[in-house]
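Peer 1: Input file: upload.txt. Contents: compact mmCIF, C-alpha atoms.
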```txt
# COMPACT_ATOMS: atom_id res chain seq x y z
CA MET A 1480 170.35 163.32 127.55
CA ARG A 1481 171.21 160.02 129.23
CA THR A 1482 169.76 156.86 127.70
CA THR A 1483 167.35 154.76 129.73
CA PRO A 1484 168.42 151.24 130.75
CA HIS A 1485 165.88 149.86 128.24
CA ILE A 1486 167.32 151.85 125.34
CA GLU A 1487 170.90 151.14 126.38
CA GLY A 1488 170.19 147.41 126.51
CA LEU A 1489 168.39 147.51 123.15
CA LEU A 1490 171.29 149.32 121.47
CA ARG A 1491 173.81 146.82 122.80
CA GLU A 1492 171.69 143.92 121.60
CA LEU A 1493 171.25 145.42 118.12
CA ALA A 1494 174.83 146.66 117.63
CA PRO A 1495 176.33 143.38 116.33
CA GLN A 1496 173.21 142.62 114.26
CA VAL A 1497 173.42 145.97 112.47
CA LEU A 1498 177.17 145.62 112.01
CA GLY A 1499 176.62 142.16 110.50
CA VAL A 1500 174.18 143.57 107.94
CA LEU A 1501 176.59 146.31 106.87
CA VAL A 1502 179.64 144.03 106.67
CA ARG A 1503 177.69 141.45 104.68
CA ARG A 1504 176.49 144.17 102.29
CA HIS A 1505 179.61 146.33 101.94
CA GLY A 1506 182.61 144.50 103.38
CA GLN A 1507 185.19 146.85 104.94
CA PHE A 1508 184.77 145.92 108.61
CA ASP A 1509 186.59 149.03 109.83
CA VAL A 1510 184.42 151.51 107.89
CA CYS A 1511 181.23 149.64 108.78
CA GLU A 1512 182.10 149.52 112.48
CA ASP A 1513 182.69 153.29 112.56
CA ALA A 1514 179.38 153.85 110.78
CA VAL A 1515 177.52 151.66 113.28
CA GLN A 1516 179.06 153.51 116.20
CA GLU A 1517 177.86 156.80 114.72
CA ALA A 1518 174.37 155.35 114.32
CA LEU A 1519 174.34 154.09 117.91
CA LEU A 1520 175.41 157.52 119.15
CA GLY A 1521 172.63 159.16 117.13
CA ALA A 1522 170.07 156.75 118.56
CA ALA A 1523 171.30 157.33 122.12
CA GLN A 1524 170.74 161.06 121.60
CA GLN A 1525 167.42 160.95 119.74
CA TRP A 1526 165.44 158.00 121.09
CA PRO A 1527 165.12 159.23 124.70
CA GLN A 1528 163.49 162.42 123.37
CA GLN A 1529 161.61 161.16 120.31
CA GLY A 1530 160.85 157.63 121.43
CA VAL A 1531 162.10 154.28 120.17
CA PRO A 1532 161.06 153.79 116.51
CA ASP A 1533 158.72 150.98 115.53
CA ASN A 1534 161.60 149.19 113.81
CA PRO A 1535 164.74 150.10 115.81
CA LYS A 1536 166.98 147.70 113.88
CA GLY A 1537 165.83 149.14 110.56
CA TRP A 1538 166.39 152.67 111.89
CA LEU A 1539 169.96 151.81 112.88
CA ILE A 1540 170.71 150.07 109.58
CA THR A 1541 169.43 153.07 107.64
CA ALA A 1542 171.42 155.54 109.76
CA ALA A 1543 174.58 153.44 109.62
CA SER A 1544 174.25 152.93 105.84
CA ARG A 1545 173.94 156.67 105.30
CA ARG A 1546 176.99 157.25 107.46
CA TRP A 1547 178.85 154.56 105.49
CA ILE A 1548 178.05 156.36 102.22
CA GLU A 1549 179.23 159.68 103.68
CA GLN A 1550 182.51 158.10 104.75
CA TYR A 1551 182.87 156.42 101.37
CA ARG A 1552 182.30 159.67 99.49
CA SER A 1553 184.76 161.56 101.67
CA ASP A 1554 187.61 159.28 100.61
CA THR A 1555 189.29 161.21 97.81
CA ALA A 1556 190.98 158.06 96.47
CA ARG A 1557 187.57 156.66 95.60
CA ARG A 1558 185.82 159.66 94.09
CA GLN A 1559 185.90 158.06 90.65
CA ARG A 1560 183.59 155.35 92.01
CA GLU A 1561 180.89 157.87 92.97
CA GLU A 1562 178.38 156.32 90.60
CA LYS A 1563 178.62 153.01 92.44
CA VAL A 1564 177.99 154.76 95.73
CA VAL A 1565 174.80 156.34 94.41
CA ALA A 1566 173.47 152.84 93.80
CA LEU A 1567 174.10 151.84 97.40
CA THR A 1568 170.84 153.19 98.77
CA PRO A 1569 170.00 152.39 102.40
CA ALA A 1570 167.61 149.52 102.99
CA ARG A 1571 164.04 150.43 103.80
CA PRO A 1572 163.22 149.55 107.43
CA ASP A 1573 160.55 147.09 106.27
CA LEU A 1574 163.15 145.16 104.24
CA VAL A 1575 165.60 144.52 107.06
CA PRO A 1576 167.22 141.08 106.71
CA ALA A 1577 166.05 138.57 109.29
CA GLN A 1578 169.52 136.97 109.45
CA ASP A 1579 171.46 137.64 112.67
CA ASP A 1580 175.23 137.73 112.18
CA THR A 1581 176.11 138.30 115.85
CA LEU A 1582 178.09 135.07 116.09
CA THR A 1583 179.98 135.83 112.88
CA ILE A 1584 180.90 139.30 114.12
CA LEU A 1585 182.05 137.79 117.44
CA ALA A 1586 184.30 135.38 115.57
CA LEU A 1587 185.81 138.24 113.56
CA CYS A 1588 186.50 140.18 116.75
CA CYS A 1589 188.24 137.11 118.21
CA HIS A 1590 190.31 136.45 115.08
CA GLU A 1591 193.51 134.49 115.69
CA SER A 1592 195.66 137.27 114.22
CA LEU A 1593 194.75 139.61 117.09
CA THR A 1594 196.32 139.83 120.53
CA THR A 1595 194.09 138.94 123.47
CA ALA A 1596 193.89 142.59 124.54
CA SER A 1597 192.80 143.60 121.05
CA GLN A 1598 190.24 140.77 120.86
CA ILE A 1599 188.67 141.92 124.13
CA ALA A 1600 188.62 145.60 123.15
CA LEU A 1601 187.16 144.95 119.69
CA THR A 1602 184.54 142.54 121.08
CA LEU A 1603 183.35 145.06 123.67
CA ARG A 1604 183.24 147.81 121.04
CA ALA A 1605 181.74 146.03 118.02
CA VAL A 1606 179.56 143.41 119.74
CA GLY A 1607 178.98 144.95 123.15
CA GLY A 1608 178.34 148.43 121.82
CA LEU A 1609 180.58 150.03 124.47
CA THR A 1610 182.35 153.25 123.58
CA THR A 1611 186.13 153.51 123.59
CA ALA A 1612 185.92 155.62 126.75
CA GLU A 1613 183.79 153.00 128.53
CA ILE A 1614 186.23 150.22 127.66
CA ALA A 1615 189.17 152.34 128.84
CA ARG A 1616 187.46 153.04 132.17
CA ALA A 1617 186.62 149.38 132.64
CA PHE A 1618 190.23 148.26 132.20
CA LEU A 1619 191.85 151.34 133.78
CA VAL A 1620 193.95 152.13 130.72
CA PRO A 1621 194.21 155.39 128.73
CA GLU A 1622 191.49 155.94 126.16
CA ALA A 1623 194.17 156.52 123.50
CA THR A 1624 195.57 153.04 124.18
CA VAL A 1625 192.18 151.39 123.68
CA ALA A 1626 191.53 153.46 120.54
CA GLN A 1627 194.86 152.33 119.10
CA ARG A 1628 194.13 148.67 119.88
CA ILE A 1629 190.72 148.89 118.23
CA SER A 1630 192.07 150.71 115.18
CA ARG A 1631 194.83 148.18 114.60
CA ALA A 1632 192.47 145.27 115.21
CA LYS A 1633 189.98 146.55 112.63
CA GLN A 1634 192.73 146.85 110.06
CA LYS A 1635 193.89 143.28 110.73
CA VAL A 1636 190.45 141.73 110.29
CA LYS A 1637 189.67 143.89 107.28
CA GLY A 1638 190.11 141.06 104.78
CA ALA A 1639 188.98 138.18 107.00
CA LYS A 1640 186.27 135.91 105.63
CA PHE A 1641 182.76 136.75 106.82
CA ARG A 1642 181.26 133.42 107.83
CA ALA A 1643 179.82 131.81 110.94
CA PRO A 1644 182.45 129.87 112.91
CA LYS A 1645 182.29 126.14 113.49
CA ASP A 1646 184.64 126.31 116.47
CA LEU A 1647 183.73 128.66 119.34
CA THR A 1648 186.96 128.14 121.32
CA ALA A 1649 188.39 131.63 120.76
CA VAL A 1650 185.01 133.33 121.28
CA LEU A 1651 184.37 131.53 124.58
CA HIS A 1652 187.90 132.30 125.76
CA VAL A 1653 187.45 136.03 125.17
CA LEU A 1654 184.04 136.09 126.87
CA TYR A 1655 185.54 134.17 129.81
CA LEU A 1656 188.39 136.69 130.10
CA ILE A 1657 185.98 139.63 130.04
CA PHE A 1658 183.92 138.04 132.80
CA THR A 1659 186.99 137.10 134.87
CA GLU A 1660 188.38 140.62 134.72
CA GLY A 1661 185.01 141.98 135.83
CA SER A 1662 184.49 139.34 138.53
CA THR A 1663 187.85 139.91 140.22
CA ALA A 1664 189.40 143.07 138.81
CA SER A 1665 193.16 142.70 138.45
CA SER A 1666 193.78 146.30 139.48
CA GLY A 1667 192.05 149.37 140.88
CA ASP A 1668 189.85 150.27 143.84
CA ASP A 1669 186.91 147.97 143.07
CA LEU A 1670 186.90 144.22 143.51
CA VAL A 1671 184.12 143.73 140.94
CA ARG A 1672 183.35 145.66 137.74
CA VAL A 1673 179.70 144.93 137.16
CA ASP A 1674 179.73 146.53 133.69
CA LEU A 1675 182.10 143.82 132.47
CA THR A 1676 180.46 140.85 134.21
CA ALA A 1677 177.02 141.95 133.03
CA GLU A 1678 178.21 142.39 129.45
CA ALA A 1679 179.95 139.00 129.41
CA ILE A 1680 176.81 137.29 130.75
CA ARG A 1681 174.59 139.12 128.25
CA LEU A 1682 176.73 138.14 125.26
CA THR A 1683 177.12 134.54 126.42
CA ARG A 1684 173.38 134.24 127.04
CA GLN A 1685 172.75 135.64 123.56
CA LEU A 1686 175.07 133.03 122.05
CA HIS A 1687 173.47 130.24 124.09
CA ARG A 1688 170.08 131.10 122.61
CA ARG A 1689 171.58 130.54 119.16
CA ARG A 1690 173.43 127.32 120.04
CA PRO A 1691 171.53 125.76 122.95
CA ASP A 1692 173.09 122.32 122.38
CA ASP A 1693 176.71 123.49 122.70
CA GLY A 1694 177.84 121.97 126.00
CA GLU A 1695 180.83 124.23 126.59
CA LEU A 1696 178.80 127.35 125.81
CA ALA A 1697 176.18 126.22 128.32
CA GLY A 1698 178.97 125.43 130.78
CA LEU A 1699 180.46 128.90 130.41
CA LEU A 1700 177.10 130.59 130.95
CA ALA A 1701 176.49 128.41 134.01
CA LEU A 1702 179.93 129.24 135.38
CA MET A 1703 179.29 132.97 134.97
CA LEU A 1704 175.87 132.79 136.62
CA LEU A 1705 177.05 130.68 139.56
CA THR A 1706 180.08 132.88 140.14
CA ASP A 1707 178.22 136.18 139.77
CA ALA A 1708 175.52 134.90 142.15
CA ARG A 1709 178.00 135.31 145.02
CA ARG A 1710 178.72 138.96 144.18
CA PRO A 1711 176.34 140.55 146.77
CA ALA A 1712 178.20 138.76 149.59
CA ARG A 1713 181.77 139.22 148.37
CA THR A 1714 182.33 142.66 149.91
CA ASP A 1715 181.15 144.50 153.00
CA ALA A 1716 179.63 147.99 153.18
CA GLN A 1717 183.09 149.54 152.90
CA GLY A 1718 184.04 147.45 149.86
CA ALA A 1719 186.37 145.14 151.78
CA LEU A 1720 186.78 141.60 150.44
CA ILE A 1721 184.97 138.77 152.21
CA PRO A 1722 186.37 135.29 151.42
CA LEU A 1723 184.03 132.52 150.32
CA ALA A 1724 184.12 130.67 153.66
CA GLU A 1725 182.98 133.79 155.54
CA GLN A 1726 180.25 135.01 153.18
CA ASP A 1727 176.62 135.37 154.20
CA ARG A 1728 175.09 132.83 151.83
CA GLU A 1729 171.62 134.28 152.31
CA LYS A 1730 172.83 137.22 150.23
CA TRP A 1731 173.69 135.04 147.25
CA ASP A 1732 171.43 135.36 144.20
CA HIS A 1733 169.56 132.08 144.43
CA THR A 1734 167.66 132.67 141.19
CA ALA A 1735 170.97 132.84 139.30
CA ILE A 1736 172.18 129.75 141.20
CA ALA A 1737 169.09 127.81 140.18
CA GLU A 1738 169.51 128.79 136.52
CA GLY A 1739 173.22 128.03 136.52
CA THR A 1740 172.73 124.68 138.25
CA GLU A 1741 170.04 123.62 135.77
CA LEU A 1742 172.25 124.61 132.84
CA ILE A 1743 175.28 122.65 134.04
CA GLN A 1744 173.27 119.56 135.00
CA LYS A 1745 171.75 119.43 131.52
CA ALA A 1746 175.10 120.03 129.80
CA LEU A 1747 176.87 117.31 131.78
CA ASN A 1748 174.10 114.84 130.94
CA THR A 1749 173.84 115.59 127.22
CA ALA A 1750 177.17 116.92 125.92
CA GLU A 1751 180.81 115.95 125.80
CA ILE A 1752 182.47 117.18 129.01
CA GLY A 1753 184.79 120.17 128.71
CA PRO A 1754 186.72 122.61 130.94
CA TYR A 1755 183.98 125.23 131.32
CA GLN A 1756 181.48 122.57 132.34
CA LEU A 1757 183.85 121.20 134.98
CA GLN A 1758 184.51 124.67 136.39
CA ALA A 1759 180.77 125.31 136.47
CA ALA A 1760 180.25 121.99 138.24
CA ILE A 1761 182.76 123.05 140.92
CA ALA A 1762 180.93 126.35 141.33
CA ALA A 1763 177.65 124.43 141.64
CA VAL A 1764 179.06 122.29 144.47
CA HIS A 1765 180.01 125.45 146.37
CA ALA A 1766 176.58 126.95 145.68
CA ASP A 1767 174.83 123.81 146.94
CA ALA A 1768 176.50 123.97 150.37
CA LYS A 1769 174.33 125.64 153.01
CA THR A 1770 177.44 126.55 154.99
CA ALA A 1771 181.18 126.50 154.29
CA GLU A 1772 181.47 123.42 156.51
CA ASP A 1773 178.92 121.58 154.34
CA THR A 1774 181.06 121.92 151.20
CA ASP A 1775 181.72 118.57 149.55
CA TRP A 1776 185.48 118.95 149.08
CA HIS A 1777 185.89 115.33 147.98
CA GLU A 1778 183.64 116.00 144.99
CA ILE A 1779 185.44 119.28 144.26
CA LEU A 1780 188.83 117.54 144.35
CA GLY A 1781 187.54 114.88 141.99
CA LEU A 1782 186.34 117.54 139.56
CA TYR A 1783 189.72 119.28 139.73
CA GLU A 1784 191.40 115.97 138.95
CA LEU A 1785 189.32 115.79 135.77
CA LEU A 1786 190.04 119.43 135.01
CA THR A 1787 193.80 118.93 135.24
CA VAL A 1788 193.44 116.25 132.54
CA THR A 1789 191.14 118.18 130.19
CA ALA A 1790 192.67 121.65 130.67
CA PRO A 1791 196.00 121.45 132.53
CA GLY A 1792 197.48 124.74 133.66
CA PRO A 1793 199.21 126.37 136.65
CA MET A 1794 196.12 128.21 137.93
CA ILE A 1795 194.02 125.04 137.75
CA ALA A 1796 196.81 123.24 139.61
CA LEU A 1797 196.83 125.97 142.28
CA ASN A 1798 193.08 125.72 142.82
CA ARG A 1799 193.36 121.94 143.01
CA ILE A 1800 195.97 122.29 145.78
CA VAL A 1801 193.44 124.20 147.89
CA ALA A 1802 191.04 121.27 147.50
CA VAL A 1803 193.85 118.87 148.42
CA ALA A 1804 194.34 120.79 151.67
CA MET A 1805 190.67 120.51 152.53
CA VAL A 1806 190.62 116.74 151.88
CA HIS A 1807 194.11 115.54 152.83
CA GLY A 1808 195.40 118.34 155.06
CA PRO A 1809 197.72 121.35 154.65
CA GLN A 1810 201.00 119.42 154.85
CA GLN A 1811 200.35 117.43 151.67
CA ALA A 1812 199.08 120.60 149.97
CA LEU A 1813 202.25 122.49 150.92
CA GLN A 1814 204.39 119.71 149.49
CA GLU A 1815 202.54 119.88 146.19
CA LEU A 1816 202.67 123.69 146.22
CA SER A 1817 206.47 123.60 146.48
CA THR A 1818 206.63 121.87 143.09
CA LEU A 1819 204.28 124.29 141.31
CA ASP A 1820 205.98 126.49 138.71
CA LEU A 1821 203.85 129.63 138.87
CA ASP A 1822 204.94 133.22 139.50
CA HIS A 1823 201.75 134.82 140.82
CA TYR A 1824 200.65 136.60 143.98
CA ARG A 1825 198.00 133.94 144.59
CA VAL A 1826 200.75 131.37 145.19
CA HIS A 1827 201.87 133.38 148.23
CA ALA A 1828 198.24 133.85 149.35
CA VAL A 1829 197.53 130.12 149.14
CA LYS A 1830 200.79 129.28 150.90
CA ALA A 1831 199.92 131.72 153.67
CA HIS A 1832 196.50 130.10 154.10
CA LEU A 1833 198.04 126.62 154.26
CA LEU A 1834 200.65 127.74 156.80
CA ASP A 1835 197.89 129.24 158.94
CA LEU A 1836 196.02 125.92 158.83
CA GLN A 1837 199.20 124.21 159.98
CA GLY A 1838 199.69 126.66 162.86
CA GLU A 1839 202.79 128.33 161.41
CA HIS A 1840 201.41 131.83 161.77
CA ASP A 1841 204.64 133.85 161.61
CA GLN A 1842 205.56 132.33 158.24
CA ALA A 1843 201.99 132.84 157.11
CA ARG A 1844 202.20 136.58 157.88
CA GLU A 1845 205.29 136.88 155.67
CA GLU A 1846 203.52 135.18 152.79
CA TYR A 1847 200.42 137.37 153.17
CA GLU A 1848 202.67 140.45 152.97
CA LYS A 1849 204.39 139.11 149.87
CA ALA A 1850 201.03 138.51 148.23
CA ALA A 1851 199.75 141.97 149.18
CA LYS A 1852 202.78 143.64 147.62
CA ARG A 1853 202.31 141.82 144.32
CA THR A 1854 198.62 142.35 143.61
CA LEU A 1855 197.38 145.58 142.00
CA SER A 1856 193.85 145.14 143.35
CA VAL A 1857 193.30 147.53 146.27
CA PRO A 1858 190.56 145.41 147.98
CA GLU A 1859 192.79 142.33 147.78
CA GLN A 1860 195.76 144.27 149.14
CA ARG A 1861 193.70 145.39 152.12
CA TYR A 1862 192.37 141.90 152.77
CA LEU A 1863 195.80 140.24 152.57
CA ARG A 1864 197.37 142.85 154.87
CA SER A 1865 194.52 142.45 157.33
CA ARG A 1866 195.22 138.70 157.40
CA SER A 1867 198.91 139.32 158.01
CA ARG A 1868 198.08 141.47 161.02
CA ARG A 1869 195.36 139.23 162.43
CA PRO A 1870 196.22 137.98 165.94
CA GLN A 1871 196.41 134.19 166.19
```
Can the structure in the file be given as structure tokens, please?

Peer 2:
Amino acid sequence: MRTTPHIEGLLRELAPQVLGVLVRRHGQFDVCEDAVQEALLGAAQQWPQQGVPDNPKGWLITAASRRWIEQYRSDTARRQREEKVVALTPARPDLVPAQDDTLTILALCCHESLTTASQIALTLRAVGGLTTAEIARAFLVPEATVAQRISRAKQKVKGAKFRAPKDLTAVLHVLYLIFTEGSTASSGDDLVRVDLTAEAIRLTRQLHRRRPDDGELAGLLALMLLTDARRPARTDAQGALIPLAEQDREKWDHTAIAEGTELIQKALNTAEIGPYQLQAAIAAVHADAKTAEDTDWHEILGLYELLTVTAPGPMIALNRIVAVAMVHGPQQALQELSTLDLDHYRVHAVKAHLLDLQGEHDQAREEYEKAAKRTLSVPEQRYLRSRSRRPQ
């Protein structure tokens, strides 16, 4: 039986909390994570029929603890320690620890010893509660590949210290990457993968509740909300991409815009400024414009100037060049683009746009075609090819 949205959301919220209890009690991240997944599966099968228990977290801890004991007993190398296992009785539901180790589990999943791909996969599995199959579908890779990444990642963090992190840099980076992949999928038929954007927002919101004074965490949540608010207007009925300047802004989610704007305004006024806050501020300027023509490109360029100082990088530089074109004209932007060392399809797309603005349409068509050939996203391919064929 399929789980209801309420039960599915509850299980995803409780997954890292239950895992934290088991890891704190038993250690052995890999064994505990497998046990929690079994408990989540059991709940997904039973709760829709039998109802959600009065203490769902306690139910999951009990089920996962029993599964942990079964796994422990099945290990022939540890049979001589059977007496110790007998003492490890599951906690009664009314004695469930109040401590929430979600942040600690997130930090373990984003451990520096792991590759970025493994960090993302383990985060979505252990903290997001997604199955291996769901993660594989989201990233369009074979399920066996994701399973291997998760298995290796769990082995690597097996002996890592279980403590809440002081620095959230790695955690925020992984959440940002999950959201970015969902917001503009790098490959496949869909421009947006709502399962990933929704999960990234949920986890970031959960973290923000725990650390409301962290400016960069607030900035990241604001950036996600302000970006995701444009999702209803980003594609037409056939799934074709609609660029920002041509979107129907009435379709934007103005509730999300209001929340994101309030978050970033508060963070900028109370916390040390960081890259996520600056990106959120740029998104807020776009959201504030009633029409594309009303966009305050001078303010956006100024924010990009700050961003290139706080978080320099080729993609930031590329986005800044677009703002330069809107403030100082395409010729200056093209000159700066010629010095940018970045091998990416978006370089050709931006160059094509700038050439169009300058009236050099034949050269622009060539650049649009180059960009279309290099992206793996089907909606972007279609959009770029449509621009290359557009009569001028």

Peer 1: Taking 3 positions as the minimum chain separation for residues in the same chain, which residues sit within 10 Å of Ala1600 (chain A) when counting only C-alpha atoms? Answer as a PyMOL selection string.

Peer 2: chain A and resi 1588-1589+1594-1597+1603-1607+1609-1611+1614-1615+1618+1625-1626+1628-1629+1632+1653+1657

Peer 1: Of the candidates A:Leu1780, A:Ala1763, A:Ala1586, A:Leu1601, which one gets nearest to Met1805 (chain A) if we count all atoms listed in the file?

Peer 2: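 For Met1805 (chain A), the nearest of the candidates is A:Leu1780.
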
Peer 1: Can you tell me, as a PyMOL selection string, what residues are no more than 8 Å from Asp1509 (chain A) when counting all atoms listed in the file, ignoring any on the same chain fewer than 6 positions away?

Peer 2: chain A and resi 1630+1633-1634+1637

Peer 1: Separation of CA of Leu1619 (chain A) and CA of Arg1672 (chain A), in Å?

Peer 2: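 Result for CA of Leu1619 (chain A) versus CA of Arg1672 (chain A): 11.0 Å, one decimal.
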
Peer 1: When distances are computed from only C-alpha atoms, which of A:Gln1529, A:Ser1856, A:Thr1624, A:Ser1867 shows the smallest separation from Asp1669 (chain A)?

Peer 2: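 Of A:Gln1529, A:Ser1856, A:Thr1624, A:Ser1867, the one nearest Asp1669 (chain A) is A:Ser1856, counting only C-alpha atoms.
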
Peer 1: Name the residues within 8 Å of (198.8, 117.6, 141.0), counting all atoms listed in the file in the file's coordinates, and put them as a ChimeraX atom specification.

Peer 2: /A:1784,1787,1796,1799-1800,1815

Peer 1: I'd like to know which of A:Ala1701, A:Ile1486, A:Leu1501, A:Ala1494 is closest to Gln1528 (chain A), using only C-alpha atoms.

Peer 2: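 Ranked by minimum distance to Gln1528 (chain A), first place goes to A:Ile1486.
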
Peer 1: In Å to one decimal, how far is CA of Ser1592 (chain A) from CA of Leu1757 (chain A)?

Peer 2: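 Computing it gives 28.8 Å between the two atoms.
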
Peer 1: For a quick check of understanding, using only C-alpha atoms, which of A:Arg1642, A:Tyr1824, A:Arg1869, A:Leu1670 has the smallest distance to Lys1849 (chain A)?

Peer 2: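 Comparing A:Arg1642, A:Tyr1824, A:Arg1869, A:Leu1670 against Lys1849 (chain A), the winner is A:Tyr1824.
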
Peer 1: Give me, as a PyMOL selection string, all polymer residues having an atom no more than 10 Å from Ala1612 (chain A), counting only C-alpha atoms and skipping those fewer than 5 positions away in the same chain.

Peer 2: chain A and resi 1617+1620-1623+1625-1626

Peer 1: CA of Ala1677 (chain A) and CA of Ile1584 (chain A) are how many Å apart?

Peer 2: 19.5 Å

Peer 1: Fewer than 4 positions away in the same chain doesn't count, so skip those; otherwise give me all residues within 6 Å of region 1685-1699 of chain A, counting only C-alpha atoms, as a list in words.

Peer 2: Ile1743, Ala1746, Ala1750, Tyr1755, Gln1756 and Ala1759 of chain A

Peer 1: Generate a file of the selected residues that holds C-alpha atoms, formatted as a PDB file, keeping the file's coordinate frame.

Peer 2:
```pdb
ATOM      1  CA  ILE A1743     175.280 122.650 134.040  1.00  0.00           C
ATOM      2  CA  ALA A1746     175.100 120.030 129.800  1.00  0.00           C
ATOM      3  CA  ALA A1750     177.170 116.920 125.920  1.00  0.00           C
ATOM      4  CA  TYR A1755     183.980 125.230 131.320  1.00  0.00           C
ATOM      5  CA  GLN A1756     181.480 122.570 132.340  1.00  0.00           C
ATOM      6  CA  ALA A1759     180.770 125.310 136.470  1.00  0.00           C
TER       7      ALA A1759
END
```

Peer 1: Just region 1509-1551 of chain A, please, as an mmCIF file, in the first residue's frame (only C-alpha atoms).

Peer 2:
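To be explicit, this is the file written out as decode_17.cif:
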```cif
data_model
loop_
_atom_site.group_PDB
_atom_site.id
_atom_site.type_symbol
_atom_site.label_atom_id
_atom_site.label_comp_id
_atom_site.auth_asym_id
_atom_site.auth_seq_id
_atom_site.Cartn_x
_atom_site.Cartn_y
_atom_site.Cartn_z
ATOM 1 C CA ASP A 1509 26.560 1.304 8.660
ATOM 2 C CA VAL A 1510 24.659 -1.324 10.682
ATOM 3 C CA CYS A 1511 22.456 1.307 12.323
ATOM 4 C CA GLU A 1512 21.585 2.935 8.992
ATOM 5 C CA ASP A 1513 20.518 -0.420 7.528
ATOM 6 C CA ALA A 1514 18.403 -1.095 10.607
ATOM 7 C CA VAL A 1515 16.690 2.296 10.343
ATOM 8 C CA GLN A 1516 15.907 1.727 6.684
ATOM 9 C CA GLU A 1517 14.267 -1.587 7.571
ATOM 10 C CA ALA A 1518 12.214 0.149 10.261
ATOM 11 C CA LEU A 1519 11.131 2.888 7.851
ATOM 12 C CA LEU A 1520 10.074 0.264 5.315
ATOM 13 C CA GLY A 1521 8.054 -1.558 7.976
ATOM 14 C CA ALA A 1522 6.346 1.671 9.002
ATOM 15 C CA ALA A 1523 5.550 2.556 5.381
ATOM 16 C CA GLN A 1524 3.822 -0.816 5.033
ATOM 17 C CA GLN A 1525 2.000 -0.949 8.380
ATOM 18 C CA TRP A 1526 1.011 2.602 9.289
ATOM 19 C CA PRO A 1527 -1.318 3.246 6.321
ATOM 20 C CA GLN A 1528 -3.332 0.173 7.360
ATOM 21 C CA GLN A 1529 -2.998 0.223 11.155
ATOM 22 C CA GLY A 1530 -2.682 3.944 11.724
ATOM 23 C CA VAL A 1531 0.223 6.045 12.947
ATOM 24 C CA PRO A 1532 1.187 4.997 16.510
ATOM 25 C CA ASP A 1533 0.856 7.440 19.393
ATOM 26 C CA ASN A 1534 4.653 7.672 19.612
ATOM 27 C CA PRO A 1535 5.935 7.204 16.038
ATOM 28 C CA LYS A 1536 9.546 7.994 16.946
ATOM 29 C CA GLY A 1537 9.491 5.435 19.755
ATOM 30 C CA TRP A 1538 7.941 2.863 17.407
ATOM 31 C CA LEU A 1539 10.723 3.396 14.877
ATOM 32 C CA ILE A 1540 13.471 3.262 17.505
ATOM 33 C CA THR A 1541 12.077 0.012 18.877
ATOM 34 C CA ALA A 1542 11.755 -1.544 15.404
ATOM 35 C CA ALA A 1543 15.210 -0.371 14.335
ATOM 36 C CA SER A 1544 16.801 -1.586 17.594
ATOM 37 C CA ARG A 1545 15.283 -5.027 17.119
ATOM 38 C CA ARG A 1546 16.560 -5.121 13.567
ATOM 39 C CA TRP A 1547 20.002 -4.031 14.810
ATOM 40 C CA ILE A 1548 20.058 -6.941 17.277
ATOM 41 C CA GLU A 1549 19.031 -9.382 14.537
ATOM 42 C CA GLN A 1550 21.840 -8.136 12.316
ATOM 43 C CA TYR A 1551 24.283 -8.286 15.208
#
```
